[in-house]
Structures are given as C-alpha cells and as structure tokens.
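Asker: final35.txt is the file, holding compact mmCIF, C-alpha atoms:
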# COMPACT_ATOMS: atom_id res chain seq x y z
CA MET A 52 -176.74 98.69 58.56
CA ILE A 53 -178.68 101.93 58.93
CA LEU A 54 -177.16 104.81 60.86
CA ASP A 55 -179.44 107.71 61.80
CA ILE A 56 -177.50 110.76 62.98
CA PHE A 57 -179.53 113.25 64.98
CA SER A 58 -177.74 116.56 64.65
CA ASP A 59 -178.17 120.32 64.59
CA THR A 60 -176.53 122.45 61.96
CA ILE A 61 -175.19 124.92 64.55
CA CYS A 62 -173.75 122.26 66.85
CA PRO A 63 -169.92 122.27 66.69
CA TRP A 64 -169.75 118.85 68.36
CA CYS A 65 -171.86 117.52 65.49
CA PHE A 66 -169.21 118.71 63.04
CA ILE A 67 -166.54 117.06 65.18
CA GLY A 68 -168.66 113.91 65.43
CA LYS A 69 -168.97 113.82 61.64
CA ARG A 70 -165.20 113.94 61.25
CA ARG A 71 -164.70 111.20 63.84
CA LEU A 72 -167.27 109.01 62.15
CA GLU A 73 -165.53 109.53 58.82
CA ARG A 74 -162.25 108.54 60.43
CA ALA A 75 -163.86 105.42 61.91
CA LEU A 76 -165.25 104.43 58.53
CA ARG A 77 -161.86 104.87 56.89
CA GLU A 78 -160.28 102.62 59.51
CA ARG A 79 -163.11 100.09 59.48
CA PRO A 80 -165.24 100.38 56.33
CA GLN A 81 -168.85 99.24 56.68
CA PRO A 82 -170.07 97.98 53.29
CA GLY A 83 -173.73 98.71 52.74
CA LEU A 84 -173.93 101.33 55.50
CA HIS A 85 -176.77 103.79 54.86
CA ILE A 86 -176.45 107.10 56.73
CA ARG A 87 -179.45 109.35 57.30
CA TRP A 88 -179.08 112.82 58.85
CA ARG A 89 -181.97 113.62 61.18
CA ALA A 90 -183.23 116.92 62.59
CA PHE A 91 -182.74 118.09 66.16
CA GLN A 92 -182.97 121.71 67.31
CA LEU A 93 -180.78 122.79 70.18
CA ASN A 94 -182.75 126.05 70.33
CA PRO A 95 -186.34 125.16 69.35
CA ASP A 96 -187.61 128.51 70.62
CA MET A 97 -185.18 130.58 68.55
CA PRO A 98 -187.01 133.39 66.69
CA PRO A 99 -187.38 132.74 62.94
CA GLU A 100 -184.94 135.57 62.19
CA GLY A 101 -182.34 134.24 64.60
CA MET A 102 -180.50 136.29 67.19
CA ASP A 103 -177.45 138.50 67.49
CA ARG A 104 -174.57 136.20 68.39
CA GLN A 105 -173.32 138.23 71.36
CA ARG A 106 -176.82 138.45 72.80
CA TYR A 107 -177.20 134.70 72.35
CA LEU A 108 -173.93 134.00 74.17
CA GLU A 109 -175.01 136.22 77.06
CA LEU A 110 -178.28 134.35 77.41
CA LYS A 111 -176.83 130.85 76.98
CA PHE A 112 -173.51 131.13 78.80
CA GLY A 113 -173.82 134.27 80.90
CA GLY A 114 -171.46 136.30 78.76
CA ALA A 115 -168.48 136.20 76.44
CA ALA A 116 -165.98 135.11 79.10
CA ASN A 117 -167.93 131.98 80.02
CA ALA A 118 -168.57 131.25 76.36
CA LYS A 119 -164.84 131.52 75.61
CA ALA A 120 -164.05 128.84 78.19
CA VAL A 121 -166.54 126.50 76.55
CA TYR A 122 -165.47 127.26 73.00
CA ASP A 123 -161.78 126.93 73.78
CA GLN A 124 -162.50 123.27 74.51
CA VAL A 125 -164.42 122.95 71.26
CA ARG A 126 -161.61 124.62 69.29
CA ALA A 127 -159.09 122.18 70.71
CA ALA A 128 -161.25 119.21 69.81
CA GLY A 129 -161.82 120.66 66.36
CA GLU A 130 -158.12 121.17 65.73
CA SER A 131 -157.51 117.51 66.54
CA GLU A 132 -159.89 116.63 63.69
CA GLY A 133 -158.64 119.22 61.23
CA ILE A 134 -161.51 121.67 61.76
CA PRO A 135 -160.36 125.31 62.09
CA PHE A 136 -163.43 126.69 63.87
CA ALA A 137 -163.85 130.44 63.30
CA PHE A 138 -166.48 131.30 65.90
CA GLU A 139 -165.43 134.96 65.79
CA ARG A 140 -166.86 135.22 62.26
CA ILE A 141 -170.38 134.27 63.37
CA ALA A 142 -172.55 137.38 63.71
CA ARG A 143 -175.93 135.70 64.20
CA THR A 144 -177.15 132.45 65.72
CA PRO A 145 -179.86 131.26 63.34
CA ASN A 146 -183.07 129.36 63.67
CA THR A 147 -182.21 126.02 62.08
CA VAL A 148 -185.58 124.85 60.71
CA ASP A 149 -184.77 125.91 57.15
CA SER A 150 -181.32 124.32 57.20
CA HIS A 151 -182.90 121.06 58.35
CA ARG A 152 -185.52 121.39 55.61
CA LEU A 153 -182.67 121.70 53.12
CA ILE A 154 -181.08 118.52 54.46
CA ARG A 155 -184.37 116.68 54.00
CA PHE A 156 -184.63 118.04 50.45
CA ALA A 157 -181.10 116.83 49.74
CA GLU A 158 -182.01 113.34 50.95
CA ARG A 159 -184.35 112.96 47.97
CA LEU A 160 -181.35 113.55 45.70
CA GLY A 161 -178.88 111.39 47.57
CA ARG A 162 -176.84 114.47 48.56
CA GLN A 163 -177.46 114.71 52.28
CA ASP A 164 -173.85 114.31 53.36
CA ASP A 165 -172.67 116.90 50.83
CA VAL A 166 -175.20 119.42 52.09
CA VAL A 167 -174.48 118.76 55.77
CA GLU A 168 -170.77 119.26 55.11
CA ALA A 169 -171.46 122.48 53.20
CA LEU A 170 -173.67 123.81 56.00
CA PHE A 171 -171.07 123.11 58.67
CA THR A 172 -168.39 124.75 56.54
CA ALA A 173 -170.51 127.81 55.79
CA TYR A 174 -171.43 128.39 59.43
CA PHE A 175 -168.39 127.33 61.42
CA LEU A 176 -165.59 128.26 59.05
CA ASN A 177 -167.05 131.19 57.11
CA GLY A 178 -169.52 132.65 59.60
CA LYS A 179 -172.46 132.60 57.18
CA ASP A 180 -176.01 133.04 58.45
CA ILE A 181 -177.49 129.64 57.59
CA GLY A 182 -180.90 130.86 58.67
CA ASP A 183 -180.96 133.14 55.61
CA ARG A 184 -182.62 131.45 52.63
CA ASP A 185 -180.39 133.16 50.08
CA VAL A 186 -177.35 131.86 51.97
CA LEU A 187 -178.89 128.40 52.11
CA THR A 188 -179.50 128.47 48.36
CA THR A 189 -175.85 129.34 47.76
CA VAL A 190 -174.72 126.63 50.15
CA ALA A 191 -176.93 124.08 48.40
CA ALA A 192 -175.58 125.06 44.99
CA SER A 193 -172.01 124.60 46.26
CA ALA A 194 -173.02 121.05 47.24
CA GLY A 195 -174.28 120.29 43.74
CA LEU A 196 -177.99 121.06 44.08
CA ASN A 197 -179.99 123.15 41.61
CA ALA A 198 -180.22 126.67 43.01
CA ASP A 199 -183.59 127.46 41.41
CA GLU A 200 -185.14 124.26 42.78
CA VAL A 201 -183.75 124.94 46.24
CA HIS A 202 -184.96 128.54 46.18
CA ALA A 203 -188.49 127.46 45.30
CA PHE A 204 -188.45 124.72 47.93
CA LEU A 205 -187.33 127.06 50.70
CA ALA A 206 -189.92 129.66 49.69
CA SER A 207 -192.64 127.09 50.38
CA ASP A 208 -193.55 125.53 53.70
CA ALA A 209 -192.58 122.03 52.53
CA GLU A 210 -191.00 119.84 55.20
CA VAL A 211 -191.50 122.35 58.02
CA GLU A 212 -193.76 119.93 59.85
CA GLY A 213 -191.45 117.07 58.92
CA VAL A 214 -188.54 118.78 60.68
CA ARG A 215 -190.61 119.53 63.76
CA ALA A 216 -191.97 116.00 63.88
CA GLU A 217 -188.47 114.52 63.60
CA ASP A 218 -187.24 116.73 66.43
CA ALA A 219 -190.23 115.71 68.56
CA THR A 220 -189.64 112.03 67.80
CA ALA A 221 -186.04 112.35 68.95
CA ARG A 222 -187.08 113.95 72.23
CA ARG A 223 -189.70 111.27 72.87
CA ALA A 224 -187.00 108.67 72.34
CA GLY A 225 -184.93 110.30 75.08
CA ILE A 226 -182.48 112.21 72.90
CA ASN A 227 -181.71 115.52 74.57
CA GLY A 228 -178.32 116.32 73.08
CA VAL A 229 -176.49 115.89 69.81
CA PRO A 230 -174.81 114.37 67.98
CA CYS A 231 -176.62 111.12 68.64
CA PHE A 232 -175.87 108.10 66.48
CA VAL A 233 -178.61 105.46 66.29
CA PHE A 234 -177.59 102.16 64.72
CA ASN A 235 -180.33 100.04 63.16
CA GLY A 236 -182.89 101.72 65.39
CA ALA A 237 -181.57 99.66 68.30
CA TYR A 238 -178.33 101.17 69.68
CA ALA A 239 -177.85 104.85 70.45
CA LEU A 240 -174.55 106.57 71.06
CA ALA A 241 -174.68 110.20 72.15
CA GLY A 242 -171.65 112.43 71.83
CA ALA A 243 -168.74 113.01 69.46
CA HIS A 244 -166.81 109.86 70.30
CA PRO A 245 -163.50 108.67 68.84
CA PRO A 246 -163.41 105.77 66.37
CA GLU A 247 -162.61 103.20 69.07
CA VAL A 248 -165.99 103.80 70.68
CA LEU A 249 -167.82 103.84 67.36
CA PHE A 250 -166.28 100.46 66.54
CA GLN A 251 -168.11 98.98 69.53
CA LEU A 252 -171.40 100.25 68.15
CA PHE A 253 -170.60 98.88 64.72
CA ASP A 254 -170.13 95.48 66.33
CA LEU A 255 -173.36 95.70 68.34
CA ALA A 256 -175.31 96.71 65.26
CA HIS A 257 -173.93 93.76 63.30
CA GLN A 258 -174.81 91.39 66.12
CA GLY A 259 -178.40 92.61 66.02
CA GLY A 260 -180.88 93.17 68.79
CA ASP A 261 -184.26 94.66 69.38
CA SER A 262 -183.73 96.84 72.42
CA ALA A 263 -182.07 100.23 72.51
CA GLU A 264 -178.87 100.78 74.38
CA ALA A 265 -177.96 104.38 75.08
CA VAL A 266 -174.66 105.95 76.00
CA SER A 267 -174.67 109.42 77.60
CA PRO A 268 -172.64 112.18 75.97
CA PRO A 269 -169.32 113.10 77.57
CA SER A 270 -169.32 116.19 79.75
CA GLY A 271 -168.58 119.47 78.05
CA GLN A 272 -170.26 118.71 74.74
CA ALA A 273 -172.92 121.37 75.01
CA ALA A 274 -171.71 124.34 72.97
CA SER A 275 -173.83 125.61 70.08
Just give me the structure as structure tokens.
Answerer:
Amino acid sequence: MILDIFSDTICPWCFIGKRRLERALRERPQPGLHIRWRAFQLNPDMPPEGMDRQRYLELKFGGAANAKAVYDQVRAAGESEGIPFAFERIARTPNTVDSHRLIRFAERLGRQDDVVEALFTAYFLNGKDIGDRDVLTTVAASAGLNADEVHAFLASDAEVEGVRAEDATARRAGINGVPCFVFNGAYALAGAHPPEVLFQLFDLAHQGGDSAEAVSPPSGQAAS
C-alpha cells in the first residue's frame, strides 16, 4: 500500500496528523506500507524571505486575538497527541519551498520521515526559521543527513520546480487543505483524523478500487 501525505511544514494540523497516523499504525500495523511526503504550500505567495510572524497573523486572522482563539484549539489537539506547541517562540512565518526541497532530497536517502519530524520539531517546538537555509542544514544534520551535501543542494535550484509542480498537481486533484492522506492513489482523506477513521481508509485501500473517494477536513483545521 502506498500512502502519499500532502503536507506543509508550517501546518500544525499536519504535525498532529502525523502523530495520529503513527498511533494508528501502532494499533494496526500495515506491513509493506510505503509513505511518501508530498509538497503543498498553504501560503504560495509568501515572499522568499518569509514574513514577520505578528504581521502574518494580522493579515491571516485579523490580529493576535483572533489568532489566539484558533491556536488555542490547535494547542489542545496537540496536547492530546503529546505535542507541546510553542507558537510564542515563532518570530517569522517562512516561505516553505526550501523545506519541501529538503524533504524531496531526503526521499532519495530514505530519510523523509526523519526530516519531516525534525522540521516540525524545529519550527513548532523551538521556533526556528525553517525558511533559512543554514537552519535547514542544521535540521537535516540532526536527522542524519550530511550537512555539506544538504548545504550544496539548497544553494542550487534543484527541485524548486519539482516542489511547485507537486503543489500544482495537488490543487488540480482538488486538494485545498492539508494534511491530506491519499491511499494507493484512489482514496483521499483530508484532515488530522483519529486512528478509527484512518482504519477505514486502510480497509478501503486494501480492498482496492480505481476511483478517488474524498473526505472533507473537519472544521477548524486551518491554522498555519
């Protein structure tokens, strides 16, 4: 079974969705499951240098008060999965093209999941600017990648078009929010669902089928 996870590295619900998937796989292991992390940008028009976090919250949510109401819900969901979100540590909201490039680089080495985990940890728990290439190099090294190789890769334009094409493919397929789990290219589940819902998709994927079935994300899963 192939599971493609469309995700953005600054999406807290994607971090929560990762934890819930891990819990589902512990409860119901899926031998032979191949997971591929795929690029989606919640803010495709973000400047390359990113944006001051407070300015971003004003533009996206209309100010800190509205943002707090949204993020309180995310915090609660995170706590239930053992994620101590530290949104107050985030000073900048980054452009995520380079972090997605890094995930694609890690795929070649069989280290995608390690890098995705390290990116989520760096951004959501430590407040690191994962749009900064030096930060990304450090994050990659913590996940077991060669720092010099990562530095050289990020300094090039390799995989930039690949990331943009993957994002565009997702949008053409009707994906407009993340996380979105696509099983065997046939069944799509949008949102950070609990294991009981993921089990249903496991079963559908095992049964097979050639037409996509989509499930809309639950309300409230829009913070980034």
Asker: May I have the protein, DNA and RNA residues with an atom at most 7 Å from (-186.6, 131.6, 55.3), counting all atoms listed in the file in the file's coordinates, returned as a PyMOL selection string?
Answerer: chain A and resi 149+182-184+205-206
Asker: Determine, using all atoms listed in the file, which residues of region 165-207 of chain A have any atom at most 8 Å from an atom of region 52-70 of chain A, and tabulate each with its shortest atom pair and distance in Å to one decimal place, rows ordered by chain and then rising number, as JSON lines.
Answerer:
{"residue": "A:Val167", "atom": "CA", "partner": "A:Thr60", "partner_atom": "CA", "distance": 7.5}
{"residue": "A:Leu170", "atom": "CA", "partner": "A:Thr60", "partner_atom": "CA", "distance": 6.7}
{"residue": "A:Phe171", "atom": "CA", "partner": "A:Thr60", "partner_atom": "CA", "distance": 6.4}
{"residue": "A:Tyr174", "atom": "CA", "partner": "A:Ile61", "partner_atom": "CA", "distance": 7.2}
{"residue": "A:Phe175", "atom": "CA", "partner": "A:Pro63", "partner_atom": "CA", "distance": 7.5}
Asker: In Å to one decimal, how far is CA of Ala137 (chain A) from CA of Ala115 (chain A)?
Answerer: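 Result for CA of Ala115 (chain A) versus CA of Ala137 (chain A): 15.1 Å, one decimal.
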Asker: Give me, please, the distance in Å between CA of Leu84 (chain A) and CA of Arg159 (chain A), quoted to one decimal.
Answerer: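 Computed distance, CA of Leu84 (chain A) to CA of Arg159 (chain A), equals 17.3 Å.
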Asker: Which of these residues is nearest to Gly101 (chain A), using all atoms listed in the file: A:His85, A:Arg155, A:His202, A:Arg143?
Answerer: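 Comparing A:His85, A:Arg155, A:His202, A:Arg143 against Gly101 (chain A), the winner is A:Arg143.
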Asker: So, counting all atoms listed in the file, which residue among A:Gly83, A:Asp180, A:Val148, A:Ala224 is closest to Glu212 (chain A)?
Answerer: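 Using all atoms listed in the file, Glu212 (chain A) sits closest to A:Val148.
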Asker: May I ask for the distance between CA of Arg77 (chain A) and CA of Asp164 (chain A), given in Å to one decimal place?
Answerer: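 CA of Asp164 (chain A) lies at a distance of 15.7 Å from CA of Arg77 (chain A).
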Asker: I need the residue nearest Lys111 (chain A) from this list: A:Ile86, A:Pro135, A:Ala274, A:Ala127. Use only C-alpha atoms for the distance.
Answerer: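 The answer is A:Ala274, which sits nearest to Lys111 (chain A).
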Asker: Of the candidates A:Leu153, A:Ala90, A:Val233, A:Leu249, which shows the shortest atom-to-atom distance to Ala194 (chain A), using only C-alpha atoms?
Answerer: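 Using only C-alpha atoms, the shortest distance to Ala194 (chain A) belongs to A:Leu153.
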Asker: Find the smallest box with edges along x, y and z containing every listed atom of region 53-62 of chain A, then add 8 Å on each side and report centre and edge lengths in Å to one decimal, as JSON.
Answerer:
{"center_x": -176.6, "center_y": 113.4, "center_z": 62.9, "size_x": 21.8, "size_y": 39.0, "size_z": 23.9}
Asker: Compare A:Arg74, A:Lys179, A:Arg162, A:Arg152 by their minimum atom-to-atom distance to Arg87 (chain A), counting all atoms listed in the file, and give me the closest one.
Answerer: A:Arg162
